[in-house]
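Chemist: Submitted below is the structure of interest, expressed as structure tokens.
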Amino acid sequence: MEIPNAEELKQAEIDEYNSLVQQIKPKPPLLKHCFWAFVVGGLICALAQVILNSLQAGGMGQTNASSVTSVIMIFLGALLTGIGVYDEIGKTAGAGSIVPITGFSNVIVASAMEFKREGYIFGVGSRIFSIAGPTLVFGFAVSTLIGLIKVLFM
Amino acid sequence: MVCRGRPMCLPYRATYVAIGSGKMEVTMPGPKKRGMQTVVFDNPPILASWASVVGPKEGEGPWGNDFDLIIPDYLLGEETWEKAENQMLKQTVEMALNKASLQTNEAELLLAGDLLNQLAASNFAAAELSIPFLGLYGACSTMVQALLTGSMLIDGGFYGRVVAAACSHHYSAERQFRFPTEQGVQKPPSSQWTATAAGAVVLESAGSGPRITSATIGRVVDMGQSDVNDMGSAMAPAAADTIKMHLQDLNFSPDYYDLVVTGDLGKVGLAILGQLLGKEGVVPSPTHSDCGVLLFDEKQDIGAGGSGCGCCASMLCGPLLKKMIKAEIKKLLLVGTGALMSPTTSFQGSTIPAIAHAIAIEY
């Protein structure tokens, strides 16, 4: 009979422990989370649509209206973050408040507020994009890629 | 003499360990050491006085009246969370000394720690207190680490009086380990709430009061857990290991202690601990609870419970010692638990190693 070595024994111990943890660890209430993400995310998007429609009805062109809507939504996200309401919404809404553009705004403003204590250069300046960074980096990278593909193949 | 890969240690005599290819190594345990990891105190240090300070949320919990001070807000009139935390620690130490009618210059040594990088809160508090100082880092097990180190220094005849303290602050910890305060984040049910709290104890070599009779220094235990939103699962094996060693080293039955309290395993970790103790053969299961579970009310939206150095420190220096003075608990085993990871190691994909230290307090 092959005697298991120390590593295999340790792995077996860890596997056994993992199954114990999975038994006891509470599962997040997926259905509730999905429901609230849908409702809040939907409401935010519906609000943006209302704003867009009003602007166009007021005579603004499609492109300008889209830009202005984005700016308004970003402002609302920043405002709610500044007065300390956005994190309360986020606790229940989850992805519904993170994914829309208001979530992007929240993350940047939250970082700015937090790191202001380290001054404007090394605090706000350096760390304002610490959480939003990935969105910017990969957003730029992918859009450049798509642009390249368009130029090369179309 | 090797038992399950660990040397069998006999007090007062040399221990021989056979390693690998048959090489022999000799270790000489000191006279105050029992078994593998436990030390007993010939002159048990006395807890002469203590103080606890907590934040608003903790003050609204079930033990609000048992803490010495509930601070009105999280900034304490300071500009940053970090400065508020060091003020909180400083005030707690001063309060503990005042209760024993002592001036800060009469405290011979300060052992303190917190969760911040480079122990920021403790360093700045120590600067203002001007007491000879050793900073300690044991994550959330720091209070017990400070108490047992202080006890060894007193029982060893080095100091007559040592102040042991620890603190944590919810917002300074969130900022360092997790996300900016105003960011909308949804936390899973296994996550814990870092307590805004501090506790300080004045230990003395003589006098009357509860005394620390023994202590067990834990080993770092890593059972492959890497979910930073579930510290309880990472720390429970360390707690089980230390409790088992403590009882084994001293040859105590599990029901020797009226209560075994862990630092901050939370609901999830506490449930796992119960299972692990059974599997490790610690039967009958000792009456056990957890400071993280006790500190807050279920309705306070704290996930699996409280955490942080201050959780264990304030629960000890508030409700638990109060119960000991009222003789509701005569023998307490306090097991501080710490998750020894850093944000860097977590992002790099490492697991969360944990440690647990135990001290026995009897009155």
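Simple scheme: letters A, B, ... for chains in structure tokens order, numbers from 1 for residues in each chain, numbers from 1 for ligands in the order shown.
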Give me, as JSON, numbers by chain, the residues of chain A touching chain B, with the criterion being at most 10 Å (counting only C-alpha atoms).
Modeler: {"A": [10, 11, 13, 14, 15, 16, 17, 18, 20, 21, 22, 23, 24, 25, 26, 27, 28, 29, 33, 80, 81, 82, 83, 84, 85, 86, 87, 88, 89, 90, 91, 92, 93, 94, 95, 97, 98, 103, 104, 105, 106, 107, 108, 109, 110, 111, 112, 113, 114, 115, 116, 117, 118, 130, 131]}
Chemist: Store the residues picked out above in a file with C-alpha atoms, as a short mmCIF file (atom, residue, chain, number, x, y, z; two decimals), in the first residue's frame.
Modeler:
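Output file again26.cif is given in full below:
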data_model
loop_
_atom_site.label_atom_id
_atom_site.label_comp_id
_atom_site.auth_asym_id
_atom_site.auth_seq_id
_atom_site.Cartn_x
_atom_site.Cartn_y
_atom_site.Cartn_z
CA LYS A 10 -2.19 18.10 4.11
CA GLN A 11 -4.25 18.45 0.93
CA GLU A 13 -7.00 17.65 5.43
CA ILE A 14 -7.68 20.89 3.56
CA ASP A 15 -10.26 19.22 1.31
CA GLU A 16 -12.03 17.76 4.32
CA TYR A 17 -12.02 21.15 6.00
CA ASN A 18 -13.34 22.83 2.85
CA LEU A 20 -17.03 21.37 6.46
CA VAL A 21 -16.82 25.09 5.65
CA GLN A 22 -19.19 24.73 2.68
CA GLN A 23 -21.72 23.01 4.93
CA ILE A 24 -21.69 25.76 7.53
CA LYS A 25 -21.01 28.93 5.54
CA PRO A 26 -24.26 30.77 4.81
CA LYS A 27 -25.11 31.16 1.14
CA PRO A 28 -25.84 34.72 -0.02
CA PRO A 29 -29.58 35.21 -0.72
CA HIS A 33 -29.89 40.12 -4.48
CA LEU A 80 -25.55 60.90 -3.58
CA THR A 81 -22.04 59.71 -2.70
CA GLY A 82 -21.14 63.08 -1.22
CA ILE A 83 -24.15 63.14 1.06
CA GLY A 84 -23.53 59.57 2.16
CA VAL A 85 -26.60 58.00 0.59
CA TYR A 86 -25.08 55.96 -2.25
CA ASP A 87 -23.37 53.44 0.02
CA GLU A 88 -26.69 52.80 1.76
CA ILE A 89 -28.30 52.12 -1.62
CA GLY A 90 -25.37 49.92 -2.59
CA LYS A 91 -25.79 47.65 0.43
CA THR A 92 -29.13 46.40 -0.88
CA ALA A 93 -28.83 47.05 -4.60
CA GLY A 94 -25.43 45.42 -5.13
CA ALA A 95 -24.68 45.19 -8.83
CA SER A 97 -25.91 50.36 -8.17
CA ILE A 98 -22.37 49.39 -9.23
CA GLY A 103 -21.68 53.40 -9.86
CA PHE A 104 -18.55 54.49 -11.69
CA SER A 105 -19.10 58.00 -10.39
CA ASN A 106 -19.64 56.70 -6.86
CA VAL A 107 -16.38 54.79 -6.86
CA ILE A 108 -14.35 57.78 -8.02
CA VAL A 109 -15.97 60.26 -5.65
CA ALA A 110 -15.72 57.84 -2.71
CA SER A 111 -12.00 57.43 -3.35
CA ALA A 112 -11.53 61.20 -3.66
CA MET A 113 -13.36 61.81 -0.39
CA GLU A 114 -11.47 59.13 1.48
CA PHE A 115 -8.00 60.03 0.29
CA LYS A 116 -8.37 63.79 0.58
CA ARG A 117 -6.92 63.32 4.04
CA GLU A 118 -3.57 62.54 2.48
CA SER A 130 -7.60 53.46 -7.36
CA ILE A 131 -10.86 51.51 -7.56
#
Chemist: Hey, what does DSSP flag as helix (DSSP H, G or I) within region 58-104 of chain A? Can you give it to me as a PyMOL selection string?
Modeler: chain A and resi 62-82+86-93+95-98+101-104
Chemist: Export, as a short mmCIF file (atom, residue, chain, number, x, y, z; two decimals), in the first residue's frame, the selected residues with C-alpha atoms.
Modeler:
data_model
loop_
_atom_site.label_atom_id
_atom_site.label_comp_id
_atom_site.auth_asym_id
_atom_site.auth_seq_id
_atom_site.Cartn_x
_atom_site.Cartn_y
_atom_site.Cartn_z
CA GLN A 62 -29.19 62.75 -30.35
CA THR A 63 -25.42 62.96 -29.65
CA ASN A 64 -25.61 66.02 -27.43
CA ALA A 65 -28.58 64.65 -25.52
CA SER A 66 -26.69 61.38 -24.79
CA SER A 67 -23.66 63.27 -23.54
CA VAL A 68 -25.72 65.58 -21.35
CA THR A 69 -27.66 62.60 -19.93
CA SER A 70 -24.40 60.88 -19.00
CA VAL A 71 -23.15 64.05 -17.30
CA ILE A 72 -26.38 64.41 -15.33
CA MET A 73 -26.28 60.78 -14.20
CA ILE A 74 -22.64 61.12 -13.17
CA PHE A 75 -23.52 64.25 -11.22
CA LEU A 76 -26.38 62.45 -9.43
CA GLY A 77 -24.07 59.57 -8.50
CA ALA A 78 -21.48 62.01 -7.17
CA LEU A 79 -24.07 63.99 -5.23
CA LEU A 80 -25.55 60.90 -3.58
CA THR A 81 -22.04 59.71 -2.70
CA GLY A 82 -21.14 63.08 -1.22
CA TYR A 86 -25.08 55.96 -2.25
CA ASP A 87 -23.37 53.44 0.02
CA GLU A 88 -26.69 52.80 1.76
CA ILE A 89 -28.30 52.12 -1.62
CA GLY A 90 -25.37 49.92 -2.59
CA LYS A 91 -25.79 47.65 0.43
CA THR A 92 -29.13 46.40 -0.88
CA ALA A 93 -28.83 47.05 -4.60
CA ALA A 95 -24.68 45.19 -8.83
CA GLY A 96 -27.73 47.34 -9.59
CA SER A 97 -25.91 50.36 -8.17
CA ILE A 98 -22.37 49.39 -9.23
CA ILE A 101 -22.57 54.95 -14.81
CA THR A 102 -23.68 56.25 -11.41
CA GLY A 103 -21.68 53.40 -9.86
CA PHE A 104 -18.55 54.49 -11.69
#
Chemist: So how many Å separate CA of Gly61 (chain B) and CA of Leu294 (chain B), to one decimal?
Modeler: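 Separation between CA of Gly61 (chain B) and CA of Leu294 (chain B): 8.9 Å.
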